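For reference, start_21.cif (mmCIF, C-alpha atoms):
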```cif
data_model
loop_
_atom_site.group_PDB
_atom_site.id
_atom_site.type_symbol
_atom_site.label_atom_id
_atom_site.label_comp_id
_atom_site.auth_asym_id
_atom_site.auth_seq_id
_atom_site.Cartn_x
_atom_site.Cartn_y
_atom_site.Cartn_z
ATOM 1 C CA MET P 1 -13.058 26.067 22.397
ATOM 2 C CA ILE P 2 -16.214 23.923 22.522
ATOM 3 C CA PHE P 3 -19.863 25.061 22.658
ATOM 4 C CA GLY P 4 -22.583 22.488 23.272
ATOM 5 C CA GLY P 5 -20.341 19.591 22.317
ATOM 6 C CA PHE P 6 -19.414 21.085 18.900
ATOM 7 C CA ASP P 7 -15.712 21.519 18.319
ATOM 8 C CA THR P 8 -15.218 24.914 16.672
ATOM 9 C CA ARG P 9 -11.680 24.014 15.624
ATOM 10 C CA GLY P 10 -13.122 22.239 12.590
ATOM 11 C CA LEU P 11 -14.261 25.637 11.295
ATOM 12 C CA TYR P 12 -10.654 26.776 11.035
ATOM 13 C CA PRO P 13 -8.607 24.097 9.299
ATOM 14 C CA ALA P 14 -4.896 24.429 9.923
ATOM 15 C CA ARG P 15 -2.925 25.558 6.907
ATOM 16 C CA ASP P 16 0.146 23.405 7.404
ATOM 17 C CA GLN P 17 -1.042 19.819 7.627
ATOM 18 C CA VAL P 18 0.589 16.455 7.045
ATOM 19 C CA ALA P 19 -1.967 13.812 6.081
ATOM 20 C CA VAL P 20 -1.473 10.271 7.382
ATOM 21 C CA ILE P 21 -3.119 7.506 5.353
ATOM 22 C CA TYR P 22 -3.087 3.952 6.676
ATOM 23 C CA VAL P 23 -2.423 0.951 4.425
ATOM 24 C CA GLN P 24 -3.165 -1.822 6.870
ATOM 25 C CA GLY P 25 -3.816 -5.451 5.953
ATOM 26 C CA ILE P 26 -3.908 -7.453 2.751
ATOM 27 C CA MET P 27 -4.295 -5.194 -0.279
ATOM 28 C CA ILE P 28 -7.255 -5.820 -2.570
ATOM 29 C CA THR P 29 -9.223 -3.827 -5.114
ATOM 30 C CA GLY P 30 -12.701 -2.557 -4.344
ATOM 31 C CA GLY P 31 -13.929 -0.924 -1.167
ATOM 32 C CA LEU P 32 -14.625 -2.086 2.390
ATOM 33 C CA PRO P 33 -14.705 -0.117 5.657
ATOM 34 C CA ASP P 34 -11.313 0.220 7.332
ATOM 35 C CA GLY P 35 -10.479 -2.083 10.192
ATOM 36 C CA PHE P 36 -11.461 -5.411 8.642
ATOM 37 C CA GLY P 37 -7.942 -6.669 8.026
ATOM 38 C CA VAL P 38 -7.774 -5.515 4.406
ATOM 39 C CA ALA P 39 -6.478 -2.407 2.672
ATOM 40 C CA THR P 40 -8.647 -1.615 -0.328
ATOM 41 C CA SER P 41 -7.297 0.374 -3.243
ATOM 42 C CA GLU P 42 -10.605 2.250 -3.517
ATOM 43 C CA ASN P 43 -10.365 3.589 0.028
ATOM 44 C CA ILE P 44 -6.662 4.388 -0.132
ATOM 45 C CA CYS P 45 -6.815 6.048 -3.552
ATOM 46 C CA LYS P 46 -9.820 8.112 -2.461
ATOM 47 C CA ASN P 47 -7.958 9.402 0.589
ATOM 48 C CA ILE P 48 -4.825 10.127 -1.440
ATOM 49 C CA ARG P 49 -6.921 12.180 -3.867
ATOM 50 C CA ILE P 50 -8.640 14.084 -1.059
ATOM 51 C CA ALA P 51 -5.273 14.925 0.479
ATOM 52 C CA ALA P 52 -3.818 15.858 -2.904
ATOM 53 C CA LYS P 53 -6.598 18.371 -3.605
ATOM 54 C CA ASP P 54 -6.532 19.962 -0.141
ATOM 55 C CA ASP P 55 -4.290 23.037 -0.273
ATOM 56 C CA ASN P 56 -3.943 22.978 3.516
ATOM 57 C CA ILE P 57 -2.259 19.569 3.301
ATOM 58 C CA LYS P 58 1.365 20.080 2.320
ATOM 59 C CA ALA P 59 2.579 16.475 2.387
ATOM 60 C CA ILE P 60 1.304 12.916 2.739
ATOM 61 C CA VAL P 61 2.583 10.024 4.861
ATOM 62 C CA LEU P 62 1.443 6.497 4.057
ATOM 63 C CA ARG P 63 1.708 4.272 7.105
ATOM 64 C CA VAL P 64 2.157 0.834 5.549
ATOM 65 C CA ASN P 65 1.643 -2.351 7.526
ATOM 66 C CA SER P 66 0.797 -5.009 4.956
ATOM 67 C CA PRO P 67 2.181 -8.345 3.758
ATOM 68 C CA GLY P 68 1.149 -7.516 0.193
ATOM 69 C CA GLY P 69 -1.848 -8.397 -1.906
ATOM 70 C CA SER P 70 -3.108 -8.178 -5.446
ATOM 71 C CA PRO P 71 -0.943 -6.649 -8.199
ATOM 72 C CA ALA P 72 -3.962 -4.706 -9.476
ATOM 73 C CA ALA P 73 -4.535 -3.062 -6.085
ATOM 74 C CA ALA P 74 -0.849 -2.166 -5.846
ATOM 75 C CA GLN P 75 -0.862 -0.681 -9.334
ATOM 76 C CA GLU P 76 -3.882 1.503 -8.574
ATOM 77 C CA ILE P 77 -2.319 2.874 -5.394
ATOM 78 C CA ALA P 78 1.141 3.339 -6.932
ATOM 79 C CA THR P 79 -0.418 5.272 -9.807
ATOM 80 C CA GLU P 80 -2.100 7.701 -7.391
ATOM 81 C CA ILE P 81 1.148 8.194 -5.479
ATOM 82 C CA THR P 82 2.983 8.966 -8.716
ATOM 83 C CA LYS P 83 0.326 11.520 -9.707
ATOM 84 C CA VAL P 84 0.650 13.298 -6.362
ATOM 85 C CA LYS P 85 4.431 13.433 -6.708
ATOM 86 C CA GLU P 86 4.178 14.818 -10.220
ATOM 87 C CA ASP P 87 1.876 17.556 -8.920
ATOM 88 C CA GLY P 88 4.544 18.570 -6.424
ATOM 89 C CA LYS P 89 3.118 17.280 -3.138
ATOM 90 C CA PRO P 90 5.630 15.113 -1.231
ATOM 91 C CA VAL P 91 4.774 11.516 -0.313
ATOM 92 C CA VAL P 92 6.664 9.687 2.437
ATOM 93 C CA ILE P 93 6.309 6.014 3.348
ATOM 94 C CA SER P 94 6.466 4.848 6.959
ATOM 95 C CA MET P 95 6.791 1.065 7.175
ATOM 96 C CA GLY P 96 5.458 -0.741 10.237
ATOM 97 C CA ASP P 97 5.914 -4.418 11.078
ATOM 98 C CA VAL P 98 5.808 -5.527 7.454
ATOM 99 C CA ALA P 99 5.685 -3.829 4.066
ATOM 100 C CA ALA P 100 6.475 -6.604 1.625
ATOM 101 C CA SER P 101 5.600 -7.693 -1.904
ATOM 102 C CA ALA P 102 2.707 -5.523 -3.168
ATOM 103 C CA ALA P 103 3.181 -3.277 -0.123
ATOM 104 C CA TYR P 104 6.736 -2.595 -1.256
ATOM 105 C CA TYR P 105 5.380 -2.058 -4.780
ATOM 106 C CA ILE P 106 3.312 0.933 -3.581
ATOM 107 C CA SER P 107 6.209 2.232 -1.493
ATOM 108 C CA ALA P 108 8.745 2.419 -4.308
ATOM 109 C CA PRO P 109 7.375 5.554 -6.060
ATOM 110 C CA ALA P 110 7.384 7.685 -2.873
ATOM 111 C CA ASP P 111 9.775 10.596 -2.317
ATOM 112 C CA ARG P 112 11.188 8.976 0.810
ATOM 113 C CA ILE P 113 10.868 5.563 2.485
ATOM 114 C CA LEU P 114 11.448 4.952 6.195
ATOM 115 C CA ALA P 115 11.392 1.587 7.937
ATOM 116 C CA ASN P 116 12.099 0.304 11.401
ATOM 117 C CA PRO P 117 15.351 -1.671 11.642
ATOM 118 C CA ASP P 118 13.402 -4.929 11.922
ATOM 119 C CA THR P 119 10.581 -4.139 9.521
ATOM 120 C CA ILE P 120 10.064 -7.000 7.070
ATOM 121 C CA THR P 121 10.145 -5.598 3.548
ATOM 122 C CA GLY P 122 11.234 -6.528 0.043
ATOM 123 C CA SER P 123 9.759 -9.766 -1.317
ATOM 124 C CA ILE P 124 9.945 -8.328 -4.819
ATOM 125 C CA GLY P 125 8.218 -10.888 -6.966
ATOM 126 C CA VAL P 126 4.924 -12.423 -8.051
ATOM 127 C CA VAL P 127 3.375 -15.785 -7.230
ATOM 128 C CA TRP P 128 0.314 -17.564 -8.638
ATOM 129 C CA VAL P 129 -0.672 -20.771 -6.849
ATOM 130 C CA PHE P 130 -2.802 -23.594 -8.273
ATOM 131 C CA GLU P 131 -4.130 -26.461 -6.184
ATOM 132 C CA ASN P 132 -4.706 -29.959 -7.536
ATOM 133 C CA ARG P 133 -7.139 -31.970 -5.400
ATOM 134 C CA SER P 134 -7.902 -34.616 -8.000
ATOM 135 C CA GLY P 135 -6.524 -37.355 -5.735
ATOM 136 C CA TYR P 136 -9.006 -36.411 -3.021
ATOM 137 C CA TYR P 137 -11.909 -36.394 -5.461
ATOM 138 C CA ASP P 138 -10.873 -39.814 -6.782
ATOM 139 C CA GLU P 139 -10.749 -41.236 -3.258
ATOM 140 C CA GLU P 140 -14.194 -39.832 -2.477
ATOM 141 C CA GLY P 141 -15.654 -41.024 -5.764
ATOM 142 C CA ILE P 142 -16.454 -37.482 -6.904
ATOM 143 C CA GLU P 143 -16.512 -37.041 -10.667
ATOM 144 C CA HIS P 144 -16.669 -33.866 -12.723
ATOM 145 C CA TRP P 145 -18.067 -33.239 -16.145
ATOM 146 C CA VAL P 146 -17.129 -29.864 -17.607
ATOM 147 C CA ALA P 147 -18.643 -28.055 -20.561
ATOM 148 C CA LYS P 148 -16.390 -25.162 -21.525
ATOM 149 C CA SER P 149 -16.201 -22.714 -24.382
ATOM 150 C CA GLY P 150 -12.424 -22.631 -24.624
ATOM 151 C CA GLU P 151 -9.327 -24.636 -23.783
ATOM 152 C CA PHE P 152 -8.304 -22.409 -20.873
ATOM 153 C CA LYS P 153 -11.753 -21.670 -19.427
ATOM 154 C CA ASP P 154 -11.402 -24.045 -16.454
ATOM 155 C CA MET P 155 -7.711 -23.357 -15.935
ATOM 156 C CA GLY P 156 -7.004 -23.521 -12.220
ATOM 157 C CA ALA P 157 -9.900 -25.803 -11.371
ATOM 158 C CA ASP P 158 -8.821 -27.989 -8.473
ATOM 159 C CA TRP P 159 -10.206 -31.214 -9.939
ATOM 160 C CA ARG P 160 -7.304 -31.547 -12.380
ATOM 161 C CA ASN P 161 -3.705 -30.560 -12.874
ATOM 162 C CA LEU P 162 -2.638 -27.833 -15.281
ATOM 163 C CA THR P 163 -1.771 -28.826 -18.819
ATOM 164 C CA ASP P 164 1.683 -27.968 -20.151
ATOM 165 C CA GLU P 165 0.150 -25.140 -22.184
ATOM 166 C CA GLU P 166 -1.570 -23.744 -19.097
ATOM 167 C CA LYS P 167 1.650 -23.903 -17.089
ATOM 168 C CA GLU P 168 3.452 -22.001 -19.825
ATOM 169 C CA TYR P 169 0.680 -19.409 -19.964
ATOM 170 C CA ALA P 170 0.609 -18.976 -16.165
ATOM 171 C CA GLY P 171 4.356 -18.473 -16.151
ATOM 172 C CA ALA P 172 4.094 -15.793 -18.832
ATOM 173 C CA VAL P 173 1.391 -13.925 -16.891
ATOM 174 C CA VAL P 174 3.495 -14.016 -13.724
ATOM 175 C CA MET P 175 6.588 -12.746 -15.516
ATOM 176 C CA ASP P 176 4.638 -9.905 -17.134
ATOM 177 C CA ALA P 177 3.427 -8.765 -13.711
ATOM 178 C CA PHE P 178 6.925 -9.229 -12.297
ATOM 179 C CA SER P 179 8.396 -7.050 -15.047
ATOM 180 C CA ARG P 180 5.996 -4.239 -14.164
ATOM 181 C CA PHE P 181 6.937 -4.612 -10.487
ATOM 182 C CA VAL P 182 10.633 -4.326 -11.334
ATOM 183 C CA ASP P 183 9.989 -1.307 -13.582
ATOM 184 C CA THR P 184 8.208 0.445 -10.716
ATOM 185 C CA VAL P 185 11.129 -0.145 -8.359
ATOM 186 C CA VAL P 186 13.698 0.914 -10.970
ATOM 187 C CA SER P 187 11.831 4.164 -11.613
ATOM 188 C CA GLY P 188 10.890 4.933 -8.032
ATOM 189 C CA ARG P 189 14.201 4.088 -6.388
ATOM 190 C CA ASN P 190 16.456 5.362 -9.179
ATOM 191 C CA MET P 191 18.234 2.012 -9.392
ATOM 192 C CA THR P 192 19.493 0.101 -12.397
ATOM 193 C CA ARG P 193 17.395 -2.789 -13.624
ATOM 194 C CA ASP P 194 20.227 -5.225 -12.955
ATOM 195 C CA ASP P 195 20.514 -4.021 -9.358
ATOM 196 C CA VAL P 196 16.785 -4.490 -8.799
ATOM 197 C CA LEU P 197 16.781 -7.915 -10.449
ATOM 198 C CA ASN P 198 19.592 -9.014 -8.144
ATOM 199 C CA LEU P 199 17.278 -8.245 -5.202
ATOM 200 C CA SER P 200 14.160 -9.726 -6.778
ATOM 201 C CA ASP P 201 14.260 -13.423 -6.010
ATOM 202 C CA GLY P 202 11.327 -13.065 -3.619
ATOM 203 C CA ARG P 203 13.303 -12.933 -0.384
ATOM 204 C CA VAL P 204 12.423 -10.491 2.394
ATOM 205 C CA TYR P 205 14.856 -8.060 4.013
ATOM 206 C CA ALA P 206 15.022 -6.490 7.452
ATOM 207 C CA GLY P 207 14.586 -2.727 7.361
ATOM 208 C CA ALA P 208 18.213 -2.025 8.277
ATOM 209 C CA ASP P 209 19.434 -4.305 5.483
ATOM 210 C CA ALA P 210 16.979 -2.724 3.043
ATOM 211 C CA VAL P 211 18.625 0.640 3.737
ATOM 212 C CA ASP P 212 22.034 -0.780 2.828
ATOM 213 C CA LEU P 213 20.567 -2.285 -0.358
ATOM 214 C CA GLY P 214 18.920 0.960 -1.479
ATOM 215 C CA LEU P 215 15.336 -0.258 -1.112
ATOM 216 C CA VAL P 216 14.711 2.051 1.868
ATOM 217 C CA ASP P 217 16.169 5.510 2.516
ATOM 218 C CA GLU P 218 16.614 5.412 6.276
ATOM 219 C CA THR P 219 15.391 3.866 9.498
ATOM 220 C CA GLY P 220 12.829 5.689 11.596
ATOM 221 C CA ASN P 221 9.319 5.538 13.000
ATOM 222 C CA MET P 222 6.077 7.133 11.831
ATOM 223 C CA TYR P 223 6.769 10.423 13.574
ATOM 224 C CA ASP P 224 10.186 10.623 11.948
ATOM 225 C CA ALA P 225 8.381 10.167 8.628
ATOM 226 C CA ILE P 226 5.937 12.949 9.530
ATOM 227 C CA ASP P 227 8.839 15.285 10.358
ATOM 228 C CA ILE P 228 10.498 14.522 7.023
ATOM 229 C CA ALA P 229 7.210 15.006 5.169
ATOM 230 C CA ALA P 230 6.751 18.382 6.880
ATOM 231 C CA GLU P 231 10.255 19.403 5.845
ATOM 232 C CA LEU P 232 9.675 18.318 2.245
ATOM 233 C CA GLY P 233 6.365 20.222 2.299
ATOM 234 C CA ASN P 234 8.136 23.395 3.498
ATOM 235 C CA ILE P 235 6.203 23.473 6.767
ATOM 236 C CA THR P 236 7.759 25.696 9.426
ATOM 237 C CA GLY P 237 7.289 24.558 12.998
ATOM 238 C CA GLU P 238 5.063 21.729 14.193
ATOM 239 C CA PRO P 239 2.671 20.454 11.507
ATOM 240 C CA THR P 240 -0.932 19.529 12.187
ATOM 241 C CA ILE P 241 -1.283 15.774 11.704
ATOM 242 C CA THR P 242 -4.477 14.803 9.902
ATOM 243 C CA TYR P 243 -5.373 11.111 10.090
ATOM 244 C CA MET P 244 -7.383 10.415 6.964
ATOM 245 C CA ASN P 245 -8.517 6.838 7.576
ATOM 246 C CA LYS P 246 -7.321 5.726 10.994
ATOM 247 C CA PRO P 247 -9.445 2.716 12.028
ATOM 248 C CA SER P 248 -11.717 3.418 14.986
ATOM 249 C CA ILE P 249 -14.321 1.545 17.024
ATOM 250 C CA SER P 250 -17.175 3.323 15.229
ATOM 251 C CA GLN P 251 -15.760 2.253 11.866
ATOM 252 C CA LEU P 252 -15.551 -1.350 13.004
ATOM 253 C CA LEU P 253 -19.178 -1.222 14.165
ATOM 254 C CA PHE P 254 -20.790 0.994 11.553
ATOM 255 C CA GLY P 255 -18.313 1.382 8.674
ATOM 256 C CA GLY P 256 -17.365 4.667 7.058
ATOM 257 C CA ASN P 257 -14.273 6.841 7.373
ATOM 258 C CA GLU P 258 -13.261 9.416 9.929
ATOM 259 C CA ARG P 259 -10.876 12.284 9.324
ATOM 260 C CA ILE P 260 -9.199 13.345 12.549
ATOM 261 C CA SER P 261 -6.886 16.325 13.000
ATOM 262 C CA CYS P 262 -4.552 16.768 15.942
ATOM 263 C CA TYR P 263 -4.316 20.486 16.680
ATOM 264 C CA THR P 264 -2.165 22.571 18.950
ATOM 265 C CA ASP P 265 -3.400 25.791 20.569
ATOM 266 C CA SER P 266 -1.564 27.800 17.945
ATOM 267 C CA ASP P 267 -3.809 26.303 15.265
ATOM 268 C CA ILE P 268 -6.946 27.996 16.675
ATOM 269 C CA PRO P 269 -7.477 31.615 15.578
ATOM 270 C CA GLY P 270 -7.697 34.039 18.513
#
```
As structure tokens, what does this structure read like?
Amino acid sequence: MIFGGFDTRGLYPARDQVAVIYVQGIMITGGLPDGFGVATSENICKNIRIAAKDDNIKAIVLRVNSPGGSPAAAQEIATEITKVKEDGKPVVISMGDVAASAAYYISAPADRILANPDTITGSIGVVWVFENRSGYYDEEGIEHWVAKSGEFKDMGADWRNLTDEEKEYAGAVVMDAFSRFVDTVVSGRNMTRDDVLNLSDGRVYAGADAVDLGLVDETGNMYDAIDIAAELGNITGEPTITYMNKPSISQLLFGGNERISCYTDSDIPG
């Protein structure tokens, strides 16, 4: 019922909701409005916390469509998912076109993972790329003079190659991050470390293959994931779907977040 353009349904929030939170784009730390091709840990963690504290929301679905991103962003999001699980609110992952690398990292701790048969997932691993453009600078006659406080302070500068010590250090950093990635998968998927390591050479897997390998629970779309989340949240009948951060035109133009609920007539008190 609507009076003067004001939707009175918002006054009566449905009790049995499934929250849908979008993880769409490259994952980074910090915060930006949704819809700019990045998924920021600040925005996603904030929405997870809001959903976790809302007693009307019985379960959470993360709709993941991301090629990955920064390990720090993945760790922040995975930590929030783990907290929600420990508090007893189910979390279900719905994978879209791609949910690889850091995007698989955040998926691993969930109660259930669904993917489409041809979703690209996996890519368990860490990469750190350094570029050496010293040949170009030499050809152009560009010289550099560097004053630095420590041996590693200009590590990664593109005007020179890495030293052997820097290469060793970079490798150690990558392997430390990789070990944490593997630990997250081992814990979240209830797999042995050896089994995870056998799947962790960086390759991607189609969703159907990921099911066979134990990285994904079953194939299905977002609405299948919502149904499973509702079941895990002990919701009887059709749940109200609450989109926590679905990108919209107004967000693209003006920023900010919109929380949208899809109600049925039965959700409105008579």
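Taken over the whole file, the PyMOL selection byres ((chain P and resi 65) around 10) covers exactly Tyr22, Val23, Gln24, Gly25, Ile26, Ala39, Leu62, Arg63, Val64, Ser66, Pro67, Gly68, Ser94, Met95, Gly96, Asp97, Val98, Ala99, Ala100, Ala103, Thr119, Ile120 and Thr121 of chain P.
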How far is it from CA of Pro71 (chain P) to CA of Ile226 (chain P), in Å with one decimal?
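It comes out at 27.3 Å.
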Can you work out the spacing between CA of Leu197 (chain P) and CA of Lys83 (chain P) in Å, to one decimal?
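Separating CA of Leu197 (chain P) from CA of Lys83 (chain P) is a distance of 25.5 Å.
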Evaluate the PyMOL selection byres ((chain P and resi 224) around 12) against this structure - the residues, as an MDAnalysis selection string, please.
chainID P and resid 61 63 92:95 112:116 218:223 225:231
When the PyMOL selection byres ((chain P and resi 200) around 10) is applied to the structure above, which residues does it catch, written out as JSON, numbers by chain?
{"P": [122, 123, 124, 125, 126, 178, 181, 182, 194, 195, 196, 197, 198, 199, 201, 202, 203, 204]}
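Considering the residues P:Met175, P:Met191, P:Leu232, P:Leu162 and counting only C-alpha atoms, Lys89 (chain P) has its shortest atom-to-atom contact with P:Leu232.
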Please provide the set of residues having any atom within 6 Å of Ile28 (chain P), restricted to only C-alpha atoms, with same-chain residues fewer than 4 positions apart removed, written as a count of residues only.
3
Residues near region 79-81 of chain P, cut-off 9 Å, all atoms listed in the file, skip fewer than 2 positions along chain, as a compact mmCIF listing (two decimals) with C-alpha atoms, in the frame of the given file:
```txt
# COMPACT_ATOMS: atom_id res chain seq x y z
CA CYS P 45 -6.82 6.05 -3.55
CA ILE P 48 -4.82 10.13 -1.44
CA ARG P 49 -6.92 12.18 -3.87
CA ALA P 74 -0.85 -2.17 -5.85
CA GLN P 75 -0.86 -0.68 -9.33
CA GLU P 76 -3.88 1.50 -8.57
CA ILE P 77 -2.32 2.87 -5.39
CA LYS P 83 0.33 11.52 -9.71
CA VAL P 84 0.65 13.30 -6.36
CA LYS P 85 4.43 13.43 -6.71
CA GLU P 86 4.18 14.82 -10.22
CA VAL P 91 4.77 11.52 -0.31
CA ILE P 106 3.31 0.93 -3.58
CA SER P 107 6.21 2.23 -1.49
CA PRO P 109 7.38 5.55 -6.06
CA ALA P 110 7.38 7.68 -2.87
```
Return the padded bounding box of region 188-192 of chain P as AutoDock Vina command-line options: axis-aligned, built from all atoms listed in the file, 6 Å added on each side, with centre and edge lengths in Å to one decimal.
```
--center_x 15.2 --center_y 2.7 --center_z -9.4 --size_x 20.6 --size_y 17.3 --size_z 18.0
```
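Interatomic distance, CA of Gly188 (chain P) to CA of Asn234 (chain P): 21.9 Å.
Nearest residue to Tyr243 (chain P) among P:Ser187, P:Asn47, P:Thr29, P:Ser149 is P:Asn47, counting all atoms listed in the file.
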Taking (-0.1, -21.4, -17.2) in the file's coordinates, which residues come within 12 Å, counting all atoms listed in the file, written as an mmCIF file with C-alpha atoms, in the frame of the given file?
```cif
data_model
loop_
_atom_site.group_PDB
_atom_site.id
_atom_site.type_symbol
_atom_site.label_atom_id
_atom_site.label_comp_id
_atom_site.auth_asym_id
_atom_site.auth_seq_id
_atom_site.Cartn_x
_atom_site.Cartn_y
_atom_site.Cartn_z
ATOM 1 C CA VAL P 127 3.375 -15.785 -7.230
ATOM 2 C CA TRP P 128 0.314 -17.564 -8.638
ATOM 3 C CA VAL P 129 -0.672 -20.771 -6.849
ATOM 4 C CA PHE P 130 -2.802 -23.594 -8.273
ATOM 5 C CA GLU P 151 -9.327 -24.636 -23.783
ATOM 6 C CA PHE P 152 -8.304 -22.409 -20.873
ATOM 7 C CA LYS P 153 -11.753 -21.670 -19.427
ATOM 8 C CA ASP P 154 -11.402 -24.045 -16.454
ATOM 9 C CA MET P 155 -7.711 -23.357 -15.935
ATOM 10 C CA GLY P 156 -7.004 -23.521 -12.220
ATOM 11 C CA ASN P 161 -3.705 -30.560 -12.874
ATOM 12 C CA LEU P 162 -2.638 -27.833 -15.281
ATOM 13 C CA THR P 163 -1.771 -28.826 -18.819
ATOM 14 C CA ASP P 164 1.683 -27.968 -20.151
ATOM 15 C CA GLU P 165 0.150 -25.140 -22.184
ATOM 16 C CA GLU P 166 -1.570 -23.744 -19.097
ATOM 17 C CA LYS P 167 1.650 -23.903 -17.089
ATOM 18 C CA GLU P 168 3.452 -22.001 -19.825
ATOM 19 C CA TYR P 169 0.680 -19.409 -19.964
ATOM 20 C CA ALA P 170 0.609 -18.976 -16.165
ATOM 21 C CA GLY P 171 4.356 -18.473 -16.151
ATOM 22 C CA ALA P 172 4.094 -15.793 -18.832
ATOM 23 C CA VAL P 173 1.391 -13.925 -16.891
ATOM 24 C CA VAL P 174 3.495 -14.016 -13.724
ATOM 25 C CA MET P 175 6.588 -12.746 -15.516
#
```
Residue nearest Ala102 (chain P) among P:Glu140, P:Asp16, P:Val185, P:Ile57 (counting only C-alpha atoms)
P:Val185
